[in-house]
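**Student:** Attaching a single structure in structure tokens format; questions to follow.
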Amino acid sequence: MWTIWSFSVLLPSVLAGVAAPAADWRSKVNVQRNGFYPLDIVDKLEETTMTSVDAYMTKKIAAGKNNGCTLETAGVRREWGDMTDEQRTDFINAILCLMKAPSKAPKDQFPGARTRFDDFMAYHLTNAGSLHDTIGLFPAHKYFLLAYENALRNECGYKGYHPYMNYDRYTKDPKNSALFNGNATSMGGNGAPDPNYKGLRTSAGLIKSGGGGGCVTEGPFKDYKASVGPGDPVMDNVPKNPLSSGGGYNPRCMRRDINVNAALGATADRAYNLIMKSKDINTFYNTLLTPPRNSSDQYNWGIHTSGHYIAGGDPGGDPMVSPGDPIFYFHHAMLDRLWWIWQMQDPDNRINAQVSLGANGASRKIDLKWLAPDVIPVLEAHDGLGGHGGAFCHVYV
Ligand SMILES: *[C@@H]1O[C@H](CO)[C@@H](O)[C@H](O)[C@H]1NC(C)=O
Ligand SMILES: *[C@@H]1O[C@H](CO)[C@@H](O)[C@H](O)[C@H]1NC(C)=O
């Protein structure tokens, strides 16, 4: 069962016991900002878009199609830097809890999955095909993220929602950022310098090493061991899994390369152009994954690639087992945010828009197996504000 309704926002008008006036979206959504980060061009676009999101929700509620989801009840996903240290600590503790909770994945297939955290990595390893095909990429990851967020909330007592990483905030000095500086309220530090690590080969060229590549030695996850995989490692010297399926136990340190060169492919102006210049979902999808080559642009990796390699490494940079680094979910929350802002420029026409390159479009279902009980029609995971009986009910601020 999804239990996402335990969260409520105490509006000033509710506290005062008076009827809420017809008001701006800001009276419905709890916005929390850190003045250290000026709003970038996508943040500003999102703020403007919220007015139309509010109008869209008002229509949807009037039509009885919101499945109980309103802007007041929506879970708020925030940028890591906008969260307080207390909120960051609660979130980190919930992950550490998931990293201790016993696995529910089938033992015969995944003897290496020891914890609930590992379960998500194991699912991704085996189902990378359906998670990443043209029809699945956005909605299947939206559901995957929801299942993970629900595990943190329902199994580990987390009260908030999953944060996202706004890539642009990591295009200057990611190693010293609140996300990666390695202190107790960060998501862990950089990997130790590995002189043999030269960078990552991508279809758009080499992303030069950011100076890391070794084991993460600082922060809350310094003792965490990745379990299953590797699947398709992007670094040398990743120990082989004892099973050919990759599902065996292969405990190894988490390696990272916090990489500003990768982040520079995902600046706010690129994200803004992606949203505003993509008039249809195929263009949005192609630009996100493989933008047209541009020889005068040395960071032309595409936002999806950039986001994965801001931390990179093993298991984070391995496309099969990337959820083994908790930063994976920050990246996919950001992609979900960009997709959502794109949809909300024209919700009536864009919510159900599917990439036309794939087969079985609308009849496709998403089955997360041991991660979530409900097998859901793919289009239900296109609707972030009421989809699947209201299980999807989030805003990004
Ligand atoms: C960790 O670093 C960030 C960014 O400088 C800072 O906001 C936060 O308060 C620090 N946390 C601790 C526990 O010192
Ligand atoms: C190619 O990259 C350069 C430098 O970033 C940029 O000014 C130019 O607009 C890009 N060309 C295209 C067609 O996107």
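Just remember, in the structure tokens the first chain shown is A, the second B, etc., residues are 1-based per chain, and ligands are 1-based in the order shown.
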In segment 35-141 of chain A, what's alpha helix (DSSP H) per DSSP? Answer as a VMD selection string?
**Tutor:** chain A and resid 41 to 62 85 to 98 116 to 132 137 to 141
**Student:** For the contact check between chain A and ligand 1, emit one row per residue of chain A within 7 Å, containing the shortest atom pair and the distance in Å rounded to one decimal, counting only C-alpha atoms and all ligand atoms, chain then rising number order, as JSON lines.
**Tutor:**
{"residue": "A:Asp85", "atom": "CA", "partner": "ligand 1", "partner_atom_place_in_ligand_line": "9 (O)", "distance": 5.8}
{"residue": "A:Ser177", "atom": "CA", "partner": "ligand 1", "partner_atom_place_in_ligand_line": "4 (C)", "distance": 5.7}
{"residue": "A:Ala178", "atom": "CA", "partner": "ligand 1", "partner_atom_place_in_ligand_line": "4 (C)", "distance": 3.8}
{"residue": "A:Asn181", "atom": "CA", "partner": "ligand 1", "partner_atom_place_in_ligand_line": "2 (O)", "distance": 6.4}
{"residue": "A:Asn183", "atom": "CA", "partner": "ligand 1", "partner_atom_place_in_ligand_line": "1 (C)", "distance": 5.0}
{"residue": "A:Ala184", "atom": "CA", "partner": "ligand 1", "partner_atom_place_in_ligand_line": "13 (C)", "distance": 4.9}
{"residue": "A:Thr185", "atom": "CA", "partner": "ligand 1", "partner_atom_place_in_ligand_line": "11 (N)", "distance": 4.8}
{"residue": "A:Ser186", "atom": "CA", "partner": "ligand 1", "partner_atom_place_in_ligand_line": "1 (C)", "distance": 6.0}
**Student:** Could you dump the residues just selected with all heavy atoms as a short mmCIF file (atom, residue, chain, number, x, y, z; two decimals), in the first residue's frame?
**Tutor:**
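This is the output file result_27.cif:
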data_model
loop_
_atom_site.label_atom_id
_atom_site.label_comp_id
_atom_site.auth_asym_id
_atom_site.auth_seq_id
_atom_site.Cartn_x
_atom_site.Cartn_y
_atom_site.Cartn_z
N ASP A 85 20.38 21.64 7.59
CA ASP A 85 21.22 20.54 8.04
C ASP A 85 20.39 19.46 8.74
O ASP A 85 20.68 18.27 8.62
CB ASP A 85 22.32 21.05 8.99
CG ASP A 85 23.59 21.45 8.22
OD1 ASP A 85 23.59 21.35 6.98
OD2 ASP A 85 24.57 21.85 8.87
N SER A 177 30.93 21.66 -2.44
CA SER A 177 29.50 21.96 -2.31
C SER A 177 28.91 21.22 -1.11
O SER A 177 29.48 20.25 -0.61
CB SER A 177 28.77 21.52 -3.57
OG SER A 177 28.81 20.11 -3.69
N ALA A 178 27.74 21.66 -0.67
CA ALA A 178 27.04 21.00 0.44
C ALA A 178 26.70 19.55 0.11
O ALA A 178 26.51 18.72 0.99
CB ALA A 178 25.77 21.78 0.77
N ASN A 181 30.94 17.84 -0.17
CA ASN A 181 32.16 18.25 0.53
C ASN A 181 32.65 17.23 1.57
O ASN A 181 33.70 17.42 2.18
CB ASN A 181 32.02 19.67 1.14
CG ASN A 181 31.03 19.71 2.28
OD1 ASN A 181 30.58 18.67 2.78
ND2 ASN A 181 30.68 20.91 2.72
N ASN A 183 31.40 16.38 4.46
CA ASN A 183 31.09 16.56 5.88
C ASN A 183 29.89 15.70 6.29
O ASN A 183 29.30 14.99 5.46
CB ASN A 183 30.97 18.05 6.25
CG ASN A 183 29.67 18.70 5.81
OD1 ASN A 183 28.71 18.03 5.42
ND2 ASN A 183 29.64 20.03 5.88
N ALA A 184 29.50 15.79 7.56
CA ALA A 184 28.49 14.86 8.09
C ALA A 184 27.11 15.07 7.47
O ALA A 184 26.28 14.17 7.49
CB ALA A 184 28.41 15.01 9.61
N THR A 185 26.85 16.25 6.91
CA THR A 185 25.54 16.46 6.28
C THR A 185 25.65 16.53 4.75
O THR A 185 24.79 17.09 4.08
CB THR A 185 24.86 17.75 6.80
OG1 THR A 185 25.74 18.85 6.58
CG2 THR A 185 24.54 17.64 8.28
N SER A 186 26.71 15.96 4.21
CA SER A 186 26.83 15.87 2.74
C SER A 186 26.48 14.44 2.32
O SER A 186 26.31 13.56 3.17
CB SER A 186 28.27 16.17 2.31
OG SER A 186 29.12 15.10 2.68
#
**Student:** Taking only C-alpha atoms and all ligand atoms and a cut-off of 9 Å, can you tell me which residues surround ligand 2, written as a short mmCIF file (atom, residue, chain, number, x, y, z; two decimals) with C-alpha atoms, in the first residue's frame?
**Tutor:**
data_model
loop_
_atom_site.label_atom_id
_atom_site.label_comp_id
_atom_site.auth_asym_id
_atom_site.auth_seq_id
_atom_site.Cartn_x
_atom_site.Cartn_y
_atom_site.Cartn_z
CA PRO A 291 22.47 16.30 -28.48
CA PRO A 292 23.72 17.02 -32.01
CA ARG A 293 27.54 17.04 -32.10
CA ASN A 294 29.01 20.51 -31.91
CA SER A 295 32.76 20.74 -32.38
CA SER A 296 32.97 24.17 -30.77
CA ASP A 297 31.30 22.92 -27.59
CA GLN A 298 33.72 20.90 -25.46
CA TYR A 299 31.04 19.90 -22.91
CA ASN A 300 28.48 18.56 -25.32
#
**Student:** Please provide the set of residues having any atom within 9 Å of Asn93 of chain A, restricted to only C-alpha atoms, with same-chain residues fewer than 6 positions apart removed, written as JSON, numbers by chain.
**Tutor:** {"A": [156, 158, 220]}
**Student:** Export, as a PDB file, in the first residue's frame, the selected residues with N, CA and C atoms.
**Tutor:**
ATOM      1  N   CYS A 156      11.786   3.444   6.887  1.00  0.00           N
ATOM      2  CA  CYS A 156      12.867   4.054   7.664  1.00  0.00           C
ATOM      3  C   CYS A 156      12.495   5.382   8.303  1.00  0.00           C
ATOM      4  N   TYR A 158      11.495   8.282   7.368  1.00  0.00           N
ATOM      5  CA  TYR A 158      11.818   9.607   6.835  1.00  0.00           C
ATOM      6  C   TYR A 158      10.517  10.389   6.601  1.00  0.00           C
ATOM      7  N   PRO A 220      29.031  10.362   5.378  1.00  0.00           N
ATOM      8  CA  PRO A 220      28.165   9.324   5.966  1.00  0.00           C
ATOM      9  C   PRO A 220      28.289   7.940   5.311  1.00  0.00           C
TER      10      PRO A 220
END
**Student:** Do a neighbour search on segment 325-332 of chain A at 10 Å with only C-alpha atoms, toss out local chain neighbours closer than 5 positions, and write the hits as a PyMOL selection string.
**Tutor:** chain A and resi 79-80+92+95+117+121+138+141-142+144-146+148-149+162-167+179-180+187-188+221+224-226+254-256+304+306-318+337-338
**Student:** Running DSSP on the backbone, which parts of segment 82-242 of chain A land in strand (DSSP E), as a PyMOL selection string?
**Tutor:** chain A and resi 191-193+199-202+205-208+213-216+225-226
**Student:** For Met50 of chain A, please output as a PyMOL selection string all residues within 10 Å (counting only C-alpha atoms; exclusion window: fewer than 6 positions along the same chain).
**Tutor:** chain A and resi 24-26+29+44+56+71+341+344-345+395-397
**Student:** Could you write out the selected residues, including N, CA and C atoms, as a PDB file, in the first residue's frame?
**Tutor:**
ATOM      1  N   ASP A  24      -2.186  32.778  -4.490  1.00  0.00           N
ATOM      2  CA  ASP A  24      -1.035  32.382  -5.261  1.00  0.00           C
ATOM      3  C   ASP A  24      -0.587  30.973  -4.861  1.00  0.00           C
ATOM      4  N   TRP A  25       0.077  30.271  -5.775  1.00  0.00           N
ATOM      5  CA  TRP A  25       0.566  28.921  -5.475  1.00  0.00           C
ATOM      6  C   TRP A  25       1.474  28.884  -4.248  1.00  0.00           C
ATOM      7  N   ARG A  26       2.114  30.017  -3.954  1.00  0.00           N
ATOM      8  CA  ARG A  26       3.021  30.028  -2.804  1.00  0.00           C
ATOM      9  C   ARG A  26       2.321  29.818  -1.471  1.00  0.00           C
ATOM     10  N   VAL A  29       2.220  25.728  -1.471  1.00  0.00           N
ATOM     11  CA  VAL A  29       3.444  24.919  -1.490  1.00  0.00           C
ATOM     12  C   VAL A  29       4.473  25.582  -0.570  1.00  0.00           C
ATOM     13  N   LYS A  44      13.734  30.067 -12.281  1.00  0.00           N
ATOM     14  CA  LYS A  44      12.804  31.173 -12.547  1.00  0.00           C
ATOM     15  C   LYS A  44      11.668  30.709 -13.456  1.00  0.00           C
ATOM     16  N   TYR A  56      -3.904  24.570 -13.754  1.00  0.00           N
ATOM     17  CA  TYR A  56      -4.142  23.221 -14.266  1.00  0.00           C
ATOM     18  C   TYR A  56      -4.729  22.321 -13.174  1.00  0.00           C
ATOM     19  N   LEU A  71      -2.080  20.748  -4.675  1.00  0.00           N
ATOM     20  CA  LEU A  71      -0.771  21.376  -4.411  1.00  0.00           C
ATOM     21  C   LEU A  71      -0.487  21.401  -2.910  1.00  0.00           C
ATOM     22  N   ILE A 341       8.738  20.042 -15.794  1.00  0.00           N
ATOM     23  CA  ILE A 341       8.636  21.460 -16.201  1.00  0.00           C
ATOM     24  C   ILE A 341       8.301  21.520 -17.699  1.00  0.00           C
ATOM     25  N   MET A 344       4.681  20.697 -18.164  1.00  0.00           N
ATOM     26  CA  MET A 344       3.797  21.717 -17.633  1.00  0.00           C
ATOM     27  C   MET A 344       3.771  23.010 -18.453  1.00  0.00           C
ATOM     28  N   GLN A 345       4.625  23.083 -19.498  1.00  0.00           N
ATOM     29  CA  GLN A 345       4.493  24.221 -20.419  1.00  0.00           C
ATOM     30  C   GLN A 345       3.206  24.089 -21.235  1.00  0.00           C
ATOM     31  N   VAL A 395       5.640  18.044  -6.137  1.00  0.00           N
ATOM     32  CA  VAL A 395       6.119  19.208  -6.880  1.00  0.00           C
ATOM     33  C   VAL A 395       7.613  19.356  -6.598  1.00  0.00           C
ATOM     34  N   TYR A 396       8.286  19.976  -7.532  1.00  0.00           N
ATOM     35  CA  TYR A 396       9.697  20.326  -7.348  1.00  0.00           C
ATOM     36  C   TYR A 396       9.767  21.835  -7.129  1.00  0.00           C
ATOM     37  N   VAL A 397      10.463  22.254  -6.076  1.00  0.00           N
ATOM     38  CA  VAL A 397      10.669  23.697  -5.919  1.00  0.00           C
ATOM     39  C   VAL A 397      12.161  23.944  -5.725  1.00  0.00           C
TER      40      VAL A 397
END
**Student:** Give me the segment 64-122 of chain A side of the contact with segment 31-41 of chain A, cut-off 9 Å, one line per residue showing its nearest atom pair and distance in Å at one decimal, counting only C-alpha atoms, sorted by chain and residue number, as a tab-separated table.
**Tutor:**
residue	atom	partner	partner_atom	distance
A:Val76	CA	A:Val31	CA	8.4
A:Arg78	CA	A:Gln32	CA	8.0
A:Glu79	CA	A:Arg33	CA	8.8
A:Gly81	CA	A:Asn34	CA	6.7
A:Asp82	CA	A:Asn34	CA	4.8
A:Met83	CA	A:Gln32	CA	7.4
A:Thr84	CA	A:Asn34	CA	8.7
**Student:** For the selection just defined, write its residues with all heavy atoms to a file, as a compact mmCIF listing (two decimals), in the first residue's frame.
**Tutor:**
# COMPACT_ATOMS: atom_id res chain seq x y z
N VAL A 76 6.94 17.79 -1.42
CA VAL A 76 7.81 18.80 -2.01
C VAL A 76 9.23 18.26 -2.11
O VAL A 76 9.86 17.95 -1.10
CB VAL A 76 7.80 20.11 -1.18
CG1 VAL A 76 8.68 21.16 -1.85
CG2 VAL A 76 6.37 20.63 -1.03
N ARG A 78 13.00 19.05 -2.90
CA ARG A 78 13.82 20.28 -2.86
C ARG A 78 15.24 20.02 -3.34
O ARG A 78 15.73 18.89 -3.27
CB ARG A 78 13.94 20.77 -1.41
CG ARG A 78 12.63 20.99 -0.73
CD ARG A 78 12.81 21.50 0.71
NE ARG A 78 11.54 21.45 1.42
CZ ARG A 78 10.54 22.29 1.21
NH1 ARG A 78 10.67 23.26 0.34
NH2 ARG A 78 9.39 22.16 1.86
N GLU A 79 15.88 21.09 -3.72
CA GLU A 79 17.32 21.00 -4.04
C GLU A 79 18.06 20.78 -2.71
O GLU A 79 17.71 21.36 -1.68
CB GLU A 79 17.78 22.31 -4.70
CG GLU A 79 18.85 22.12 -5.77
CD GLU A 79 20.23 21.71 -5.29
OE1 GLU A 79 20.61 22.12 -4.18
OE2 GLU A 79 20.95 21.00 -6.00
N GLY A 81 20.81 21.82 -1.56
CA GLY A 81 21.34 23.04 -0.96
C GLY A 81 20.27 23.87 -0.26
O GLY A 81 20.59 24.69 0.59
N ASP A 82 19.01 23.67 -0.62
CA ASP A 82 17.93 24.44 0.01
C ASP A 82 17.43 23.78 1.29
O ASP A 82 16.60 24.35 1.99
CB ASP A 82 16.74 24.58 -0.97
CG ASP A 82 17.07 25.49 -2.14
OD1 ASP A 82 17.99 26.32 -2.01
OD2 ASP A 82 16.42 25.35 -3.19
N MET A 83 17.91 22.58 1.58
CA MET A 83 17.46 21.90 2.80
C MET A 83 18.32 22.33 3.99
O MET A 83 19.48 22.69 3.84
CB MET A 83 17.55 20.37 2.59
CG MET A 83 16.49 19.86 1.62
SD MET A 83 16.79 18.18 1.01
CE MET A 83 16.71 17.20 2.50
N THR A 84 17.74 22.28 5.17
CA THR A 84 18.51 22.61 6.38
C THR A 84 19.40 21.41 6.74
O THR A 84 19.15 20.29 6.29
CB THR A 84 17.58 22.88 7.56
OG1 THR A 84 16.85 21.68 7.85
CG2 THR A 84 16.59 24.01 7.26
**Student:** Can you tell me which residues surround Leu264 of chain A at a distance of at most 8 Å, considering only C-alpha atoms, apart from same-chain residues fewer than 2 positions away, and format the answer as a PyMOL selection string?
**Tutor:** chain A and resi 168+171+260-262+266-267+299+306
**Student:** Take the residues that were just selected and, keeping all heavy atoms, output them as a compact mmCIF listing (two decimals), in the first residue's frame.
**Tutor:**
# COMPACT_ATOMS: atom_id res chain seq x y z
N ASP A 168 23.33 22.82 -12.21
CA ASP A 168 24.02 24.10 -12.38
C ASP A 168 24.76 24.52 -11.12
O ASP A 168 25.80 25.18 -11.20
CB ASP A 168 23.01 25.18 -12.80
CG ASP A 168 23.73 26.41 -13.35
OD1 ASP A 168 24.09 26.40 -14.54
OD2 ASP A 168 23.95 27.36 -12.57
N THR A 171 28.47 23.39 -11.15
CA THR A 171 29.30 23.67 -12.32
C THR A 171 30.49 24.56 -11.99
O THR A 171 31.26 24.92 -12.88
CB THR A 171 28.47 24.36 -13.43
OG1 THR A 171 27.80 25.49 -12.86
CG2 THR A 171 27.45 23.42 -14.02
N VAL A 260 33.75 18.40 -12.36
CA VAL A 260 33.17 19.66 -12.86
C VAL A 260 33.05 19.63 -14.38
O VAL A 260 32.14 20.23 -14.95
CB VAL A 260 34.01 20.86 -12.35
CG1 VAL A 260 35.34 20.97 -13.07
CG2 VAL A 260 33.23 22.16 -12.46
N ASN A 261 33.93 18.89 -15.05
CA ASN A 261 33.84 18.80 -16.52
C ASN A 261 32.53 18.14 -16.96
O ASN A 261 31.93 18.54 -17.95
CB ASN A 261 35.01 18.00 -17.09
CG ASN A 261 36.34 18.63 -16.74
OD1 ASN A 261 36.52 19.83 -16.94
ND2 ASN A 261 37.26 17.85 -16.19
N ALA A 262 32.10 17.14 -16.19
CA ALA A 262 30.82 16.50 -16.50
C ALA A 262 29.69 17.49 -16.24
O ALA A 262 28.78 17.65 -17.05
CB ALA A 262 30.64 15.24 -15.65
N ALA A 266 25.75 20.33 -18.18
CA ALA A 266 24.36 20.37 -17.70
C ALA A 266 24.06 21.73 -17.05
O ALA A 266 23.31 21.81 -16.09
CB ALA A 266 24.12 19.24 -16.71
N THR A 267 24.63 22.78 -17.60
CA THR A 267 24.39 24.12 -17.05
C THR A 267 22.91 24.51 -17.23
O THR A 267 22.20 23.94 -18.06
CB THR A 267 25.25 25.15 -17.80
OG1 THR A 267 25.11 24.88 -19.20
CG2 THR A 267 26.72 25.02 -17.42
N TYR A 299 31.78 20.58 -23.98
CA TYR A 299 31.04 19.90 -22.91
C TYR A 299 29.70 19.35 -23.42
O TYR A 299 28.72 19.29 -22.70
CB TYR A 299 30.80 20.84 -21.73
CG TYR A 299 32.08 21.45 -21.19
CD1 TYR A 299 32.34 22.80 -21.33
CD2 TYR A 299 33.02 20.63 -20.55
CE1 TYR A 299 33.52 23.35 -20.83
CE2 TYR A 299 34.21 21.17 -20.07
CZ TYR A 299 34.45 22.52 -20.21
OH TYR A 299 35.61 23.06 -19.73
N SER A 306 25.87 13.92 -18.46
CA SER A 306 26.51 14.83 -17.50
C SER A 306 26.08 14.51 -16.08
O SER A 306 26.90 14.40 -15.17
CB SER A 306 26.11 16.27 -17.79
OG SER A 306 26.66 16.68 -19.01
**Student:** Tell me which of A:Leu125, A:Val228, A:Leu289, A:Leu98 sits closest to Leu137 of chain A, counting only C-alpha atoms.
**Tutor:**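 When distances to Leu137 of chain A are compared using only C-alpha atoms, the smallest one comes from A:Leu289.
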**Student:** Would you work out the distance separating atom CA of Met99 of chain A from atom CA of Arg114 of chain A, expressed in Å to one decimal?
**Tutor:**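 Interatomic distance, atom CA of Met99 of chain A to atom CA of Arg114 of chain A: 8.6 Å.
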**Student:** Distance atom CA of His124 of chain A-atom CA of Leu385 of chain A, one decimal place?
**Tutor:**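 Computed distance, atom CA of His124 of chain A to atom CA of Leu385 of chain A, equals 25.0 Å.
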**Student:** Please identify all polymer residues within 10 Å of Glu155 of chain A, counting only C-alpha atoms, omitting same-chain residues fewer than 4 positions from it, and present them as a PyMOL selection string.
**Tutor:** chain A and resi 94+97-98+101+116+149-151
**Student:** Pick the closest to Arg350 of chain A from A:Leu96, A:Cys393, A:Ile366, A:Ile275: which is it, counting only C-alpha atoms?
**Tutor:** A:Ile275
